[in-house]
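S.K.: This is run-v2.cif, which holds mmCIF, C-alpha atoms and all ligand atoms:
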data_entry
loop_
_atom_site.group_PDB
_atom_site.id
_atom_site.type_symbol
_atom_site.label_atom_id
_atom_site.label_comp_id
_atom_site.auth_asym_id
_atom_site.auth_seq_id
_atom_site.Cartn_x
_atom_site.Cartn_y
_atom_site.Cartn_z
ATOM 1 C CA ALA U 310 102.774 74.494 54.671
ATOM 2 C CA GLY U 311 105.485 71.899 54.250
ATOM 3 C CA ARG U 312 108.420 71.503 51.965
ATOM 4 C CA CYS U 313 107.831 72.362 48.323
ATOM 5 C CA VAL U 314 110.491 72.856 45.670
ATOM 6 C CA VAL U 315 109.547 74.105 42.217
ATOM 7 C CA ALA U 316 112.245 73.981 39.515
ATOM 8 C CA VAL U 317 111.805 76.394 36.610
ATOM 9 C CA ASP U 318 114.221 75.932 33.706
ATOM 10 C CA GLY U 319 114.373 77.134 30.131
ATOM 11 C CA PRO U 320 116.321 79.288 27.683
ATOM 12 C CA SER U 321 116.930 83.031 28.045
ATOM 13 C CA GLY U 322 113.854 85.195 27.636
ATOM 14 C CA SER U 323 111.348 82.388 28.185
ATOM 15 C CA GLY U 324 109.783 84.398 31.009
ATOM 16 C CA LYS U 325 111.313 82.362 33.835
ATOM 17 C CA SER U 326 112.171 85.249 36.164
ATOM 18 C CA THR U 327 108.872 87.110 36.162
ATOM 19 C CA VAL U 328 106.858 83.904 36.330
ATOM 20 C CA SER U 329 109.007 82.354 39.087
ATOM 21 C CA ARG U 330 108.907 85.469 41.257
ATOM 22 C CA ARG U 331 105.129 85.808 40.938
ATOM 23 C CA LEU U 332 104.564 82.136 41.592
ATOM 24 C CA ALA U 333 106.753 82.276 44.713
ATOM 25 C CA ALA U 334 104.954 85.360 46.037
ATOM 26 C CA GLY U 335 101.586 83.738 45.325
ATOM 27 C CA ILE U 336 102.287 80.495 47.175
ATOM 28 C CA GLY U 337 104.251 82.053 50.042
ATOM 29 C CA ALA U 338 107.567 80.549 48.996
ATOM 30 C CA ARG U 339 111.121 81.890 48.715
ATOM 31 C CA TYR U 340 112.606 82.584 45.286
ATOM 32 C CA LEU U 341 116.113 81.827 44.046
ATOM 33 C CA ASP U 342 117.501 83.321 40.831
ATOM 34 C CA THR U 343 120.498 81.094 40.076
ATOM 35 C CA GLY U 344 121.323 83.100 36.937
ATOM 36 C CA ALA U 345 122.020 86.077 39.206
ATOM 37 C CA MET U 346 124.620 83.958 41.035
ATOM 38 C CA TYR U 347 126.451 83.115 37.785
ATOM 39 C CA ARG U 348 126.179 86.774 36.805
ATOM 40 C CA ALA U 349 127.610 88.008 40.123
ATOM 41 C CA VAL U 350 130.582 85.630 39.847
ATOM 42 C CA THR U 351 131.087 86.896 36.287
ATOM 43 C CA TRP U 352 131.067 90.482 37.544
ATOM 44 C CA SER U 353 133.841 89.581 40.023
ATOM 45 C CA VAL U 354 135.834 87.821 37.326
ATOM 46 C CA LEU U 355 135.592 90.845 35.012
ATOM 47 C CA ARG U 356 136.550 93.193 37.845
ATOM 48 C CA SER U 357 139.592 91.105 38.714
ATOM 49 C CA GLY U 358 140.842 91.564 35.157
ATOM 50 C CA ILE U 359 141.798 87.920 34.635
ATOM 51 C CA ASP U 360 141.529 86.181 31.287
ATOM 52 C CA LEU U 361 138.050 84.643 30.798
ATOM 53 C CA THR U 362 139.539 81.623 29.057
ATOM 54 C CA ASP U 363 141.783 80.841 32.042
ATOM 55 C CA ALA U 364 139.411 78.352 33.730
ATOM 56 C CA GLU U 365 141.670 77.841 36.729
ATOM 57 C CA SER U 366 141.823 81.546 37.590
ATOM 58 C CA VAL U 367 138.104 81.947 36.931
ATOM 59 C CA ALA U 368 137.392 79.102 39.371
ATOM 60 C CA LYS U 369 139.718 80.691 41.931
ATOM 61 C CA VAL U 370 137.829 83.996 41.804
ATOM 62 C CA ALA U 371 134.533 82.093 42.128
ATOM 63 C CA GLY U 372 135.863 80.345 45.223
ATOM 64 C CA GLU U 373 137.048 83.541 46.869
ATOM 65 C CA VAL U 374 134.189 85.946 46.247
ATOM 66 C CA ASP U 375 131.783 86.501 49.140
ATOM 67 C CA LEU U 376 128.495 86.114 47.291
ATOM 68 C CA ARG U 377 125.190 86.872 49.010
ATOM 69 C CA ILE U 378 121.781 86.612 47.429
ATOM 70 C CA GLY U 379 118.376 87.277 48.945
ATOM 71 C CA THR U 380 115.419 84.933 48.415
ATOM 72 C CA ASP U 381 112.481 87.270 49.076
ATOM 73 C CA PRO U 382 110.324 87.226 45.920
ATOM 74 C CA HIS U 383 109.190 90.807 46.622
ATOM 75 C CA GLY U 384 112.668 92.271 46.541
ATOM 76 C CA TYR U 385 115.928 90.431 46.518
ATOM 77 C CA GLY U 386 119.439 91.735 46.131
ATOM 78 C CA VAL U 387 122.825 90.362 45.191
ATOM 79 C CA THR U 388 126.126 91.485 46.702
ATOM 80 C CA ALA U 389 129.653 90.434 45.793
ATOM 81 C CA ASP U 390 132.260 91.194 48.471
ATOM 82 C CA GLY U 391 129.801 93.584 50.067
ATOM 83 C CA VAL U 392 129.127 95.574 46.880
ATOM 84 C CA GLY U 393 125.540 95.710 45.594
ATOM 85 C CA VAL U 394 125.675 94.512 41.977
ATOM 86 C CA ASP U 395 121.995 94.225 40.982
ATOM 87 C CA VAL U 396 122.337 96.758 38.185
ATOM 88 C CA GLU U 397 125.840 95.800 37.029
ATOM 89 C CA ILE U 398 125.018 92.105 36.583
ATOM 90 C CA ARG U 399 122.317 92.976 34.013
ATOM 91 C CA GLY U 400 124.703 95.073 31.898
ATOM 92 C CA PRO U 401 126.118 94.068 28.496
ATOM 93 C CA GLU U 402 129.620 93.244 29.817
ATOM 94 C CA VAL U 403 128.347 90.628 32.252
ATOM 95 C CA THR U 404 125.716 89.317 29.834
ATOM 96 C CA GLY U 405 128.405 88.899 27.185
ATOM 97 C CA ALA U 406 130.726 86.928 29.480
ATOM 98 C CA VAL U 407 128.417 84.928 31.753
ATOM 99 C CA SER U 408 127.998 81.840 29.580
ATOM 100 C CA ALA U 409 131.774 81.361 29.411
ATOM 101 C CA VAL U 410 132.094 81.597 33.200
ATOM 102 C CA ALA U 411 129.081 79.310 33.732
ATOM 103 C CA ALA U 412 130.712 76.674 31.521
ATOM 104 C CA VAL U 413 133.638 76.182 33.940
ATOM 105 C CA PRO U 414 132.918 72.915 35.837
ATOM 106 C CA ALA U 415 134.530 74.100 39.099
ATOM 107 C CA VAL U 416 132.368 77.243 39.082
ATOM 108 C CA ARG U 417 129.246 75.120 38.611
ATOM 109 C CA ALA U 418 130.225 72.683 41.364
ATOM 110 C CA LEU U 419 130.618 75.575 43.774
ATOM 111 C CA LEU U 420 127.365 77.328 42.910
ATOM 112 C CA VAL U 421 125.332 74.112 42.696
ATOM 113 C CA ALA U 422 126.465 73.251 46.256
ATOM 114 C CA ARG U 423 125.449 76.730 47.471
ATOM 115 C CA GLN U 424 122.092 76.434 45.711
ATOM 116 C CA ARG U 425 121.355 73.057 47.297
ATOM 117 C CA GLU U 426 122.112 74.492 50.746
ATOM 118 C CA MET U 427 119.776 77.415 50.158
ATOM 119 C CA ILE U 428 117.009 75.120 48.907
ATOM 120 C CA ALA U 429 117.341 72.822 51.926
ATOM 121 C CA HIS U 430 117.260 75.805 54.246
ATOM 122 C CA ALA U 431 114.255 77.480 52.597
ATOM 123 C CA GLY U 432 112.017 74.404 52.405
ATOM 124 C CA ARG U 433 109.411 76.139 50.231
ATOM 125 C CA ILE U 434 111.084 77.720 47.245
ATOM 126 C CA VAL U 435 110.807 78.405 43.530
ATOM 127 C CA VAL U 436 114.213 78.048 41.858
ATOM 128 C CA GLU U 437 114.915 79.216 38.335
ATOM 129 C CA GLY U 438 117.850 78.494 36.067
ATOM 130 C CA ARG U 439 119.052 76.101 33.373
ATOM 131 C CA ASP U 440 119.868 72.909 35.294
ATOM 132 C CA ILE U 441 117.591 73.041 38.339
ATOM 133 C CA GLY U 442 115.362 70.061 37.499
ATOM 134 C CA SER U 443 118.193 68.078 35.945
ATOM 135 C CA VAL U 444 121.074 68.689 38.382
ATOM 136 C CA VAL U 445 120.455 71.039 41.315
ATOM 137 C CA ALA U 446 117.119 69.664 42.580
ATOM 138 C CA PRO U 447 116.336 66.391 40.786
ATOM 139 C CA ASP U 448 113.817 65.582 43.552
ATOM 140 C CA ALA U 449 111.821 68.815 43.074
ATOM 141 C CA ASP U 450 108.061 68.528 43.630
ATOM 142 C CA LEU U 451 107.347 70.190 40.293
ATOM 143 C CA LYS U 452 109.679 70.722 37.349
ATOM 144 C CA VAL U 453 108.693 73.043 34.550
ATOM 145 C CA TYR U 454 110.532 73.813 31.373
ATOM 146 C CA LEU U 455 109.420 77.121 29.857
ATOM 147 C CA THR U 456 109.940 77.742 26.166
ATOM 148 C CA ALA U 457 108.803 80.435 23.743
ATOM 149 C CA SER U 458 109.488 81.197 20.095
ATOM 150 C CA ALA U 459 112.790 82.968 19.393
ATOM 151 C CA GLU U 460 110.812 86.033 18.266
ATOM 152 C CA ALA U 461 108.746 86.170 21.452
ATOM 153 C CA ARG U 462 111.827 85.772 23.634
ATOM 154 C CA ALA U 463 113.757 88.536 21.877
ATOM 155 C CA ALA U 464 110.747 90.862 22.002
ATOM 156 C CA ARG U 465 110.326 90.318 25.771
ATOM 157 C CA ARG U 466 113.984 90.949 26.540
ATOM 158 C CA SER U 467 114.086 94.068 24.369
ATOM 159 C CA ALA U 468 111.067 95.479 26.159
ATOM 160 C CA GLU U 469 112.887 94.907 29.468
ATOM 161 C CA ASP U 470 116.209 96.519 28.594
ATOM 162 C CA ALA U 471 115.328 98.807 25.634
ATOM 163 C CA THR U 472 117.877 97.126 23.344
ATOM 164 C CA GLU U 473 117.067 96.679 19.669
ATOM 165 C CA VAL U 474 115.213 93.412 19.003
ATOM 166 C CA ALA U 475 117.752 92.215 16.416
ATOM 167 C CA VAL U 476 120.662 92.737 18.820
ATOM 168 C CA THR U 477 118.808 90.936 21.612
ATOM 169 C CA ALA U 478 117.841 88.072 19.298
ATOM 170 C CA ALA U 479 121.481 87.566 18.329
ATOM 171 C CA ASP U 480 122.609 87.650 21.963
ATOM 172 C CA LEU U 481 119.940 85.152 23.078
ATOM 173 C CA ALA U 482 120.822 82.781 20.242
ATOM 174 C CA ARG U 483 124.512 83.002 21.130
ATOM 175 C CA ARG U 484 123.920 82.309 24.836
ATOM 176 C CA ASP U 485 121.450 79.489 24.167
ATOM 177 C CA THR U 486 123.969 77.741 21.934
ATOM 178 C CA LEU U 487 126.725 78.085 24.538
ATOM 179 C CA ASP U 488 124.404 77.060 27.397
ATOM 180 C CA SER U 489 123.036 73.969 25.672
ATOM 181 C CA THR U 490 126.273 72.685 24.158
ATOM 182 C CA ARG U 491 128.629 73.022 27.153
ATOM 183 C CA LYS U 492 129.859 69.802 28.722
ATOM 184 C CA ALA U 493 129.089 70.629 32.360
ATOM 185 C CA ASP U 494 125.370 70.568 33.214
ATOM 186 C CA PRO U 495 124.041 71.932 29.902
ATOM 187 C CA LEU U 496 120.612 73.495 29.550
ATOM 188 C CA ALA U 497 118.348 70.469 29.290
ATOM 189 C CA MET U 498 114.792 69.508 30.032
ATOM 190 C CA ALA U 499 114.551 66.919 32.810
ATOM 191 C CA ALA U 500 112.761 63.729 31.710
ATOM 192 C CA ASP U 501 109.985 64.338 34.250
ATOM 193 C CA ALA U 502 109.564 68.062 33.553
ATOM 194 C CA VAL U 503 106.363 69.612 32.216
ATOM 195 C CA GLU U 504 107.092 71.620 29.085
ATOM 196 C CA LEU U 505 105.111 74.816 28.694
ATOM 197 C CA ASP U 506 105.287 76.962 25.567
ATOM 198 C CA THR U 507 104.595 80.520 26.728
ATOM 199 C CA THR U 508 104.475 82.096 23.247
ATOM 200 C CA GLY U 509 101.328 84.200 23.177
ATOM 201 C CA LEU U 510 100.535 83.569 26.857
ATOM 202 C CA GLY U 511 100.402 86.352 29.422
ATOM 203 C CA ILE U 512 102.343 86.129 32.695
ATOM 204 C CA ASP U 513 99.166 85.605 34.705
ATOM 205 C CA GLU U 514 98.131 82.706 32.478
ATOM 206 C CA VAL U 515 101.483 80.977 32.906
ATOM 207 C CA VAL U 516 101.457 81.475 36.678
ATOM 208 C CA ALA U 517 97.884 80.163 36.883
ATOM 209 C CA ARG U 518 98.859 77.058 34.906
ATOM 210 C CA LEU U 519 101.791 76.371 37.240
ATOM 211 C CA ARG U 520 99.537 76.738 40.284
ATOM 212 C CA GLU U 521 97.145 74.227 38.711
ATOM 213 C CA LEU U 522 100.006 71.798 38.177
ATOM 214 C CA LEU U 523 101.067 72.219 41.806
ATOM 215 C CA THR U 524 97.531 71.549 43.031
ATOM 216 C CA GLU U 525 97.283 68.440 40.840
ATOM 217 C CA ARG U 526 100.447 67.154 42.449
ATOM 218 C CA GLY U 527 99.079 67.762 45.932
HETATM 219 O O1 LIG W 601 118.932 83.395 33.740
HETATM 220 P P1 LIG W 601 120.002 84.347 33.269
HETATM 221 O O2 LIG W 601 119.813 84.787 31.859
HETATM 222 O O3 LIG W 601 120.195 85.492 34.203
HETATM 223 O O4 LIG W 601 121.342 83.488 33.324
HETATM 224 C C1 LIG W 601 122.543 84.019 32.880
HETATM 225 C C2 LIG W 601 123.483 82.906 32.423
HETATM 226 O O5 LIG W 601 123.898 82.135 33.555
HETATM 227 C C3 LIG W 601 122.912 81.898 31.439
HETATM 228 O O6 LIG W 601 123.022 82.337 30.096
HETATM 229 C C4 LIG W 601 123.773 80.670 31.715
HETATM 230 O O7 LIG W 601 125.003 80.762 31.019
HETATM 231 C C5 LIG W 601 124.089 80.787 33.195
HETATM 232 N N1 LIG W 601 123.255 79.932 34.052
HETATM 233 C C6 LIG W 601 123.596 78.600 34.176
HETATM 234 N N2 LIG W 601 122.925 77.783 35.025
HETATM 235 C C7 LIG W 601 121.889 78.263 35.753
HETATM 236 C C8 LIG W 601 121.498 79.616 35.623
HETATM 237 C C9 LIG W 601 122.190 80.432 34.750
HETATM 238 O O8 LIG W 601 124.524 78.153 33.516
HETATM 239 N N3 LIG W 601 121.255 77.444 36.612
#
Can you present the structure in this file as structure tokens?
M.R.:
Amino acid sequence: AGRCVVAVDGPSGSGKSTVSRRLAAGIGARYLDTGAMYRAVTWSVLRSGIDLTDAESVAKVAGEVDLRIGTDPHGYGVTADGVGVDVEIRGPEVTGAVSAVAAVPAVRALLVARQREMIAHAGRIVVEGRDIGSVVAPDADLKVYLTASAEARAARRSAEDATEVAVTAADLARRDTLDSTRKADPLAMAADAVELDTTGLGIDEVVARLRELLTERG
């Protein structure tokens, strides 16, 4: 099979990760979780102890950290300077700080360049994030924008990390506001993206719909 890039964007808790991984496994493609890259940089920034509002120092850490991320949809891992950080990057400290780090233009420029390299190298890949269809891979073969009601998104996240729904709902709302109002590459639906509301849909139904869309596009 030839080159095929699928861009999956949308707000937090819209089901992007599970759906993207399953789609990639199903079509024999690689999988790239760009959120994990922003999270790993954030972990390094927090560990370095620098001030999160000091954009210049944040960008410096981002430029120096040796970030590695796997693209196997069946099991991928992230390391920062050789340390496995898969668990740490999902914790409340990183989740609370990641949107601030991801808003720094120099951090985005760096990670977007890395992401484009990985996409070019993989050839067949499902990439999930906030700006994949709009910025990272504007020539993707299929762009989808997953949404879901705020209630459905909070309920899904809470089930994943056992946090109270109200706390999760507040955190998602906070991150969505930061992610969609930042100046550099905000969360946005690409003009040629297919919007899919996943409220009330099961994972298998969403994946099946995306496979249909891919088939339609040849
Ligand atoms: O997808 P996930 O929730 O892991 O992403 C964590 C954060 O990383 C988002 O809230 C957003 O601030 C940032 N992000 C981004 N651009 C991407 C992917 C993630 O700004 N392509």
S.K.: Quick one: apply the PyMOL selection byres (((chain U and resi 321-330) around 6) and not hetatm) to the file and drop the selected residues here as a PyMOL selection string.
M.R.: chain U and resi 320+331-333+382+455-457+462+466+516
S.K.: Report as JSON lines the residues of chain U within 9 Å of ligand LIG 601 (chain W), each with its shortest atom pair and distance in Å (one decimal), using only C-alpha atoms and all ligand atoms, ordered by chain and increasing residue number.
M.R.:
{"residue": "U:Asp318", "atom": "CA", "partner": "W:LIG601", "partner_atom": "N3", "distance": 7.8}
{"residue": "U:Gly319", "atom": "CA", "partner": "W:LIG601", "partner_atom": "O1", "distance": 8.5}
{"residue": "U:Pro320", "atom": "CA", "partner": "W:LIG601", "partner_atom": "O2", "distance": 7.7}
{"residue": "U:Ser321", "atom": "CA", "partner": "W:LIG601", "partner_atom": "O2", "distance": 5.1}
{"residue": "U:Gly322", "atom": "CA", "partner": "W:LIG601", "partner_atom": "O2", "distance": 7.3}
{"residue": "U:Lys325", "atom": "CA", "partner": "W:LIG601", "partner_atom": "O1", "distance": 7.7}
{"residue": "U:Ser326", "atom": "CA", "partner": "W:LIG601", "partner_atom": "O1", "distance": 7.4}
{"residue": "U:Asp342", "atom": "CA", "partner": "W:LIG601", "partner_atom": "O1", "distance": 7.2}
{"residue": "U:Thr343", "atom": "CA", "partner": "W:LIG601", "partner_atom": "C8", "distance": 4.8}
{"residue": "U:Gly344", "atom": "CA", "partner": "W:LIG601", "partner_atom": "C9", "distance": 3.6}
{"residue": "U:Ala345", "atom": "CA", "partner": "W:LIG601", "partner_atom": "O3", "distance": 5.4}
{"residue": "U:Met346", "atom": "CA", "partner": "W:LIG601", "partner_atom": "C9", "distance": 7.6}
{"residue": "U:Tyr347", "atom": "CA", "partner": "W:LIG601", "partner_atom": "O5", "distance": 5.0}
{"residue": "U:Arg348", "atom": "CA", "partner": "W:LIG601", "partner_atom": "C1", "distance": 6.0}
{"residue": "U:Ile398", "atom": "CA", "partner": "W:LIG601", "partner_atom": "O3", "distance": 8.5}
{"residue": "U:Arg399", "atom": "CA", "partner": "W:LIG601", "partner_atom": "O3", "distance": 7.8}
{"residue": "U:Val403", "atom": "CA", "partner": "W:LIG601", "partner_atom": "C1", "distance": 8.8}
{"residue": "U:Thr404", "atom": "CA", "partner": "W:LIG601", "partner_atom": "C1", "distance": 6.9}
{"residue": "U:Gly405", "atom": "CA", "partner": "W:LIG601", "partner_atom": "O6", "distance": 9.0}
{"residue": "U:Ala406", "atom": "CA", "partner": "W:LIG601", "partner_atom": "O7", "distance": 8.6}
{"residue": "U:Val407", "atom": "CA", "partner": "W:LIG601", "partner_atom": "C2", "distance": 5.4}
{"residue": "U:Ser408", "atom": "CA", "partner": "W:LIG601", "partner_atom": "O7", "distance": 3.5}
{"residue": "U:Ala409", "atom": "CA", "partner": "W:LIG601", "partner_atom": "O7", "distance": 7.0}
{"residue": "U:Val410", "atom": "CA", "partner": "W:LIG601", "partner_atom": "O7", "distance": 7.5}
{"residue": "U:Ala411", "atom": "CA", "partner": "W:LIG601", "partner_atom": "O8", "distance": 4.7}
{"residue": "U:Ala412", "atom": "CA", "partner": "W:LIG601", "partner_atom": "O8", "distance": 6.7}
{"residue": "U:Arg417", "atom": "CA", "partner": "W:LIG601", "partner_atom": "O8", "distance": 7.6}
{"residue": "U:Leu420", "atom": "CA", "partner": "W:LIG601", "partner_atom": "N3", "distance": 8.8}
{"residue": "U:Val421", "atom": "CA", "partner": "W:LIG601", "partner_atom": "N3", "distance": 8.0}
{"residue": "U:Val436", "atom": "CA", "partner": "W:LIG601", "partner_atom": "N3", "distance": 8.8}
{"residue": "U:Glu437", "atom": "CA", "partner": "W:LIG601", "partner_atom": "N3", "distance": 6.8}
{"residue": "U:Gly438", "atom": "CA", "partner": "W:LIG601", "partner_atom": "N3", "distance": 3.6}
{"residue": "U:Arg439", "atom": "CA", "partner": "W:LIG601", "partner_atom": "N3", "distance": 4.1}
{"residue": "U:Asp440", "atom": "CA", "partner": "W:LIG601", "partner_atom": "N3", "distance": 4.9}
{"residue": "U:Ile441", "atom": "CA", "partner": "W:LIG601", "partner_atom": "N3", "distance": 6.0}
{"residue": "U:Val444", "atom": "CA", "partner": "W:LIG601", "partner_atom": "N3", "distance": 8.9}
{"residue": "U:Val445", "atom": "CA", "partner": "W:LIG601", "partner_atom": "N3", "distance": 8.0}
{"residue": "U:Leu481", "atom": "CA", "partner": "W:LIG601", "partner_atom": "O6", "distance": 8.2}
{"residue": "U:Arg484", "atom": "CA", "partner": "W:LIG601", "partner_atom": "O6", "distance": 5.3}
{"residue": "U:Asp485", "atom": "CA", "partner": "W:LIG601", "partner_atom": "O6", "distance": 6.8}
{"residue": "U:Leu487", "atom": "CA", "partner": "W:LIG601", "partner_atom": "O7", "distance": 7.2}
{"residue": "U:Asp488", "atom": "CA", "partner": "W:LIG601", "partner_atom": "O7", "distance": 5.2}
{"residue": "U:Ser489", "atom": "CA", "partner": "W:LIG601", "partner_atom": "O7", "distance": 8.9}
{"residue": "U:Ala493", "atom": "CA", "partner": "W:LIG601", "partner_atom": "O8", "distance": 8.9}
{"residue": "U:Asp494", "atom": "CA", "partner": "W:LIG601", "partner_atom": "O8", "distance": 7.6}
{"residue": "U:Pro495", "atom": "CA", "partner": "W:LIG601", "partner_atom": "O8", "distance": 7.2}
{"residue": "U:Leu496", "atom": "CA", "partner": "W:LIG601", "partner_atom": "O8", "distance": 7.3}
S.K.: As JSON, please report the centre and edge lengths, rounded to one decimal in Å, of the axis-aligned box that holds all listed atoms of segment 366-383 of chain U with 3 Å of padding on each of the six sides.
M.R.:
{"center_x": 125.5, "center_y": 85.0, "center_z": 43.0, "size_x": 38.6, "size_y": 17.7, "size_z": 18.2}
S.K.: For the atom pair atom CA of Arg491 of chain U and atom CA of Val413 of chain U, what is the interatomic distance in Å to one decimal place?
M.R.: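 Pair atom CA of Arg491 of chain U / atom CA of Val413 of chain U returns 9.0 Å.
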S.K.: With distances taken over all atoms listed in the file, which of U:Ala371, U:Val317, U:Val396, U:Ala338 is nearest to His383 of chain U?
M.R.: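 Once distances to His383 of chain U are computed over all atoms listed in the file, the minimum belongs to U:Ala338.
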S.K.: For the PyMOL selection byres (((chain U and resi 336) around 10) and not hetatm), applied here, can you spell out every residue it catches as a PyMOL selection string?
M.R.: chain U and resi 310+313+331-335+337-339+433-435+520+523
S.K.: Please measure the separation of atom CA of Ala449 of chain U and atom CA of Glu525 of chain U, giving the value in Å to one decimal.
M.R.: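 Spanning atom CA of Ala449 of chain U to atom CA of Glu525 of chain U is a straight-line distance of 14.7 Å.
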S.K.: In Å, rounded to a single decimal, give me how far atom CA of Val453 of chain U is from atom CA of Met498 of chain U.
M.R.: 8.4 Å
S.K.: Determine the nearest neighbour of Glu402 of chain U from the options U:Ser353, U:Thr507, U:Thr490, U:Gln424, counting only C-alpha atoms.
M.R.: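 Going through U:Ser353, U:Thr507, U:Thr490, U:Gln424 one by one, the smallest distance to Glu402 of chain U is for U:Ser353.
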S.K.: Using the chain letters and residue numbers of this document, give as a PyMOL selection string the residues selected by the PyMOL selection byres (((chain U and resi 355) around 10) and not hetatm).
M.R.: chain U and resi 349-354+356-361+367+370+402-403+406-407
S.K.: So, counting all atoms listed in the file, which residue among U:Ala497, U:Ala389, U:Ala517, U:Leu510 is closest to Arg465 of chain U?
M.R.: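 Distance minimum relative to Arg465 of chain U lands on U:Leu510.
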S.K.: Using only C-alpha atoms, which residue out of U:Ala500, U:Val474, U:Leu451, U:Leu376 lies closest to Leu522 of chain U?
M.R.: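 Among U:Ala500, U:Val474, U:Leu451, U:Leu376, it is U:Leu451 that comes nearest to Leu522 of chain U.
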S.K.: Using all atoms listed in the file, which residue out of U:Glu365, U:Asp450, U:Asp480, U:Asp506 lies closest to Ala463 of chain U?
M.R.: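 Nearest to Ala463 of chain U: U:Asp480.
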S.K.: Write out as an MDAnalysis selection string each polymer residue whose atoms come within 10 Å of Leu419 of chain U, counting all atoms listed in the file; drop sequence neighbours fewer than 4 positions from it.
M.R.: chainID U and resid 368 371:372 414:415 423:424
S.K.: Check the smallest atom-to-atom distance from each of U:Arg483, U:Arg526, U:His430, U:Lys452 to Leu505 of chain U using all atoms listed in the file, then report the winner.
M.R.: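 Counting all atoms listed in the file, the residue closest to Leu505 of chain U is U:Lys452.
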